[in-house]
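Asker: Here it is, the structure in full.
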Amino acid sequence: MRLILAGGGTFGHVGPLLATAAELRRRQPDVELRVVGTREGLEAAMAPAAGLELVTIPKAPFPRRIDGAALRFPARWRRARRLVRALISDFAPDAVVGFGGYVSPPVYRAAAAARIPVVVHEANARPGLANRWGARRAAAVAVAFPGTPLPGAQLVGMPMRRAVAQLNRAEACPAARRELGLDPDRPTLLVAGGSLGAVRLNQAMSLVASELIAAGAQVLHLAGRGKADELRAALAGVDPERYRVVEYLERMELALAAADLAVQRAGAATVAELACAALPAVLVPLAVGNGEQRLNAAGLVGAGGAVLVENDEFARWAPGNLAALLTARDRLARMSEAAATQAIRDGAERLADLIEAVTA
């Protein structure tokens with residue numbers, strides 16, 4: 001089987017792409033895969049690191065207003081399509097699997113012109129423009145959240161690495177804390193703003209750090225690439241052994257296993273990971289885009305597995321509330337049980353089943 005996998009930008013697109021590739025390789029060791037992405041996205045490093053051949057095309061987002069980017073769009077779009085058409089001609093894929101993002105539309109269009117079947121995976125509860133467009137002619141449409149408004153959508157969940165999807169937090173916690181250098185017995189808070197970090201969360205946490213330490217807690221804060229030094233400066237005077245700041249963690253399962261509570265954005269991958277880890281959370285949706293993060297959080301919050309705090313309110317909410325929640329063991333236990341009810345642990349397997357059905 002030969003497949004083109006298209007998607008990139010943030011981990012919400014790249015993560016499920018890589019997890020699906022790993023599952024396809026597990027099933028069919030001789031499967032041939034090509035990834036289409038850009039030089040700017042996370043896929044530029046992550047796809048080759050996973051042993052996948054990456055073909056880069058120009059970043060050509062659909063223009064939403066008349067500006068310089070809109071004037072450059074036609075040339076970039078034509079070049080992207082030429083590169084994808086050449087790849088399809090040379091590689092002769094059995095299908096194209098798109099995960100959204102800027103790279104997907106030219107791949108969808110070229111595949112349709114070549115009569116190559118397309119499988120679309122939409123990670124967010126509210127689909128983006130790329131996948132709304134691609135789903136119109138797709139042979140199959142897969143979604144991570146129930147109720148995602150795409151034609152013919154089939155619920156498969158979020159493809160993710162097995163180490164996260166099958167995580168047993170209670171069993172993994174002691175070893176994870178040892179590996180991360182955390183105290184085995186203190187209430188532990190994980191703070192992470194997504195694959196690129198979150199300046200607003202970082203700033204807000206610096207205001208409540210001393211209160212958390214005084215409550216006997218410890219914090220593991222993934223600040224985001226290039227953001228750790230600024231956060232450490234804002235935390236001057238706070239014990240760095242009790243409030244650990246790192247830029248990024250490749251093995252996210254360690255952070256999820258080590259924590260009793262998480263403060264995170266509500267990206268699709270984040271919400272899915274929290275459910276699989278049965279990890280209680282304070283979700284702070286990013287107030288940009290088309291509002292998809294608030295919708296992503298709805299199921300987990302509605303079940304009682306997470307608390308939603310608006311981005312503009314978090315800095316006021318955290319003092320007086322965050323430490324109290326982190327140390328409320330009975331409430332966290334109930335939230336953990338509720339979060340687990342939202343987990344779909346076999347998203348990669350379900351999507352691979354769908355791809356194999358389309359290419360059979």
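By convention in this document, the chains of the structure tokens carry letters A, B, ... by their order, each chain's residues are numbered from 1, and ligands are numbered from 1 in the order they are shown.
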List the spatial neighbours of Ala228 (chain A) as an NGL selection string - criterion: any atom at most 10 Å away, only C-alpha atoms, same-chain residues fewer than 5 positions off excluded.

Answerer: :A and (197 or 202 or 221-223 or 233-234 or 245-248)

Asker: Could you name the residues that touch Arg316 (chain A) at 12 Å or less, counting only C-alpha atoms, but leaving out those on the same chain fewer than 3 positions away, as a PyMOL selection string?

Answerer: chain A and resi 201+203-205+207-208+309-313+319-322

Asker: Mind running region 215-268 of chain A against region 297-307 of chain A at 9 Å and telling me each contacting residue's nearest atom pair with the distance in Å (one decimal), counting only C-alpha atoms, chain and number ascending, as a tab-separated table?

Answerer:
```
residue	atom	partner	partner_atom	distance
A:Ala266	CA	A:Ala297	CA	5.8
A:Gly267	CA	A:Ala297	CA	8.2
A:Ala268	CA	A:Ala297	CA	8.2
```

Asker: Which residues in region 126-248 of chain A does DSSP call alpha helix (DSSP H)? List them as a VMD selection string.

Answerer: chain A and resid 129 to 135 162 to 165 169 to 180 199 to 214 228 to 234

Asker: Keeping only N, CA and C atoms, write those residues as a CSV table (one decimal), in the first residue's frame.

Answerer:
```csv
chain,number,residue,atom,x,y,z
A,129,LEU,N,-11.4,25.4,7.7
A,129,LEU,CA,-11.8,25.6,6.3
A,129,LEU,C,-11.2,24.5,5.4
A,130,ALA,N,-10.0,24.1,5.6
A,130,ALA,CA,-9.3,23.1,4.8
A,130,ALA,C,-10.1,21.8,4.7
A,131,ASN,N,-10.5,21.3,5.9
A,131,ASN,CA,-11.2,20.0,5.9
A,131,ASN,C,-12.7,20.1,5.6
A,132,ARG,N,-13.3,21.3,5.8
A,132,ARG,CA,-14.6,21.5,5.3
A,132,ARG,C,-14.6,21.4,3.8
A,133,TRP,N,-13.6,21.9,3.2
A,133,TRP,CA,-13.5,21.9,1.7
A,133,TRP,C,-13.2,20.5,1.2
A,134,GLY,N,-12.2,19.8,1.9
A,134,GLY,CA,-11.8,18.5,1.5
A,134,GLY,C,-12.8,17.4,1.7
A,135,ALA,N,-13.7,17.6,2.7
A,135,ALA,CA,-14.7,16.6,3.0
A,135,ALA,C,-15.8,16.4,1.9
A,162,ARG,N,0.7,5.1,21.3
A,162,ARG,CA,0.2,4.1,22.2
A,162,ARG,C,0.6,4.4,23.6
A,163,ALA,N,1.8,5.0,23.8
A,163,ALA,CA,2.3,5.3,25.2
A,163,ALA,C,1.3,6.3,25.9
A,164,VAL,N,0.6,7.1,25.1
A,164,VAL,CA,-0.3,8.0,25.7
A,164,VAL,C,-1.7,7.4,25.7
A,165,ALA,N,-2.1,6.8,24.6
A,165,ALA,CA,-3.5,6.2,24.5
A,165,ALA,C,-3.7,5.1,25.5
A,169,ARG,N,-2.4,5.9,34.5
A,169,ARG,CA,-1.7,7.0,35.3
A,169,ARG,C,-1.3,6.5,36.7
A,170,ALA,N,-2.2,5.8,37.3
A,170,ALA,CA,-1.9,5.3,38.7
A,170,ALA,C,-0.6,4.4,38.7
A,171,GLU,N,-0.5,3.5,37.7
A,171,GLU,CA,0.6,2.6,37.7
A,171,GLU,C,1.9,3.3,37.3
A,172,ALA,N,1.8,4.3,36.3
A,172,ALA,CA,3.0,4.9,35.8
A,172,ALA,C,3.5,6.1,36.6
A,173,CYS,N,2.7,6.6,37.5
A,173,CYS,CA,3.0,7.8,38.3
A,173,CYS,C,4.4,7.7,39.0
A,174,PRO,N,4.6,6.7,39.8
A,174,PRO,CA,5.9,6.7,40.6
A,174,PRO,C,7.1,6.8,39.7
A,175,ALA,N,7.1,5.9,38.7
A,175,ALA,CA,8.3,5.9,37.8
A,175,ALA,C,8.4,7.2,37.0
A,176,ALA,N,7.3,7.8,36.6
A,176,ALA,CA,7.4,9.1,35.9
A,176,ALA,C,7.9,10.2,36.8
A,177,ARG,N,7.5,10.3,38.0
A,177,ARG,CA,8.0,11.3,38.9
A,177,ARG,C,9.5,11.1,39.2
A,178,ARG,N,9.9,9.9,39.3
A,178,ARG,CA,11.4,9.6,39.5
A,178,ARG,C,12.2,10.1,38.3
A,179,GLU,N,11.7,9.8,37.1
A,179,GLU,CA,12.4,10.2,35.9
A,179,GLU,C,12.4,11.7,35.7
A,180,LEU,N,11.4,12.3,36.1
A,180,LEU,CA,11.3,13.8,35.9
A,180,LEU,C,12.0,14.5,37.1
A,199,VAL,N,2.0,32.2,26.2
A,199,VAL,CA,2.6,33.4,27.0
A,199,VAL,C,1.6,33.8,28.1
A,200,ARG,N,0.3,33.8,27.8
A,200,ARG,CA,-0.7,34.3,28.8
A,200,ARG,C,-0.7,33.3,30.0
A,201,LEU,N,-0.7,32.0,29.7
A,201,LEU,CA,-0.7,31.1,30.8
A,201,LEU,C,0.6,31.2,31.6
A,202,ASN,N,1.7,31.4,30.9
A,202,ASN,CA,3.0,31.5,31.6
A,202,ASN,C,3.0,32.7,32.6
A,203,GLN,N,2.4,33.8,32.1
A,203,GLN,CA,2.4,35.0,32.9
A,203,GLN,C,1.5,34.8,34.1
A,204,ALA,N,0.3,34.2,33.8
A,204,ALA,CA,-0.6,34.0,34.9
A,204,ALA,C,-0.1,33.1,36.0
A,205,MET,N,0.6,32.1,35.6
A,205,MET,CA,1.2,31.1,36.6
A,205,MET,C,2.2,31.7,37.4
A,206,SER,N,3.0,32.7,36.9
A,206,SER,CA,4.0,33.4,37.7
A,206,SER,C,3.4,34.1,38.9
A,207,LEU,N,2.1,34.5,38.8
A,207,LEU,CA,1.4,35.2,39.8
A,207,LEU,C,0.9,34.3,41.0
A,208,VAL,N,0.7,33.0,40.7
A,208,VAL,CA,0.2,32.1,41.6
A,208,VAL,C,1.2,31.0,42.1
A,209,ALA,N,2.4,31.1,41.6
A,209,ALA,CA,3.4,30.1,41.9
A,209,ALA,C,3.7,30.0,43.4
A,210,SER,N,3.9,31.1,44.1
A,210,SER,CA,4.2,31.1,45.5
A,210,SER,C,3.1,30.5,46.3
A,211,GLU,N,1.9,30.7,45.9
A,211,GLU,CA,0.7,30.2,46.6
A,211,GLU,C,0.7,28.7,46.5
A,212,LEU,N,1.0,28.1,45.3
A,212,LEU,CA,1.1,26.7,45.1
A,212,LEU,C,2.1,26.1,45.9
A,213,ILE,N,3.3,26.7,46.0
A,213,ILE,CA,4.4,26.1,46.8
A,213,ILE,C,4.0,26.1,48.2
A,214,ALA,N,3.4,27.2,48.7
A,214,ALA,CA,3.0,27.3,50.1
A,214,ALA,C,2.0,26.3,50.5
A,228,ALA,N,11.1,29.6,28.0
A,228,ALA,CA,11.4,29.1,29.3
A,228,ALA,C,12.2,30.2,30.1
A,229,ASP,N,13.2,30.9,29.5
A,229,ASP,CA,14.0,31.8,30.2
A,229,ASP,C,13.2,33.0,30.7
A,230,GLU,N,12.2,33.5,29.9
A,230,GLU,CA,11.4,34.6,30.4
A,230,GLU,C,10.5,34.1,31.6
A,231,LEU,N,10.0,32.9,31.5
A,231,LEU,CA,9.2,32.4,32.7
A,231,LEU,C,10.1,32.3,33.9
A,232,ARG,N,11.3,31.7,33.8
A,232,ARG,CA,12.2,31.6,34.9
A,232,ARG,C,12.5,32.9,35.6
A,233,ALA,N,12.7,33.9,34.7
A,233,ALA,CA,12.9,35.3,35.2
A,233,ALA,C,11.7,35.8,36.1
A,234,ALA,N,10.5,35.5,35.6
A,234,ALA,CA,9.3,35.9,36.3
A,234,ALA,C,9.1,35.2,37.6
```

Asker: Tell me, as a PyMOL selection string, which residues lie within 10 Å of Gln218 (chain A), counting only C-alpha atoms; anything in the same chain fewer than 2 positions away does not count.

Answerer: chain A and resi 182-183+185-190+209+212-216+220-221+239-244+259

Asker: Give the answer as one residue: which of A:Leu167, A:Ala352, A:Ile344, A:Ile88 has the shortest atom-to-atom distance to Leu155 (chain A), using only C-alpha atoms?

Answerer: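 Using only C-alpha atoms, Leu155 (chain A) sits closest to A:Ile344.
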
Asker: When DSSP works through the backbone of this structure, what residues of region 149-314 of chain A end up as strand (DSSP E), shown as an MDAnalysis selection string?

Answerer: chainID A and resid 153:155 188:192 218:222 243:246 261:264 281:283 306:308

Asker: What does the distance from CA of Gly100 (chain A) to CA of Arg27 (chain A) come to in Å, to one decimal?

Answerer: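 It comes out at 24.0 Å.
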
Asker: Using only C-alpha atoms for the distances, tell me which of A:Ala198, A:Ala318, A:Leu325, A:Leu295 is nearest to Pro149 (chain A).

Answerer: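 Using only C-alpha atoms, the shortest distance to Pro149 (chain A) belongs to A:Leu295.
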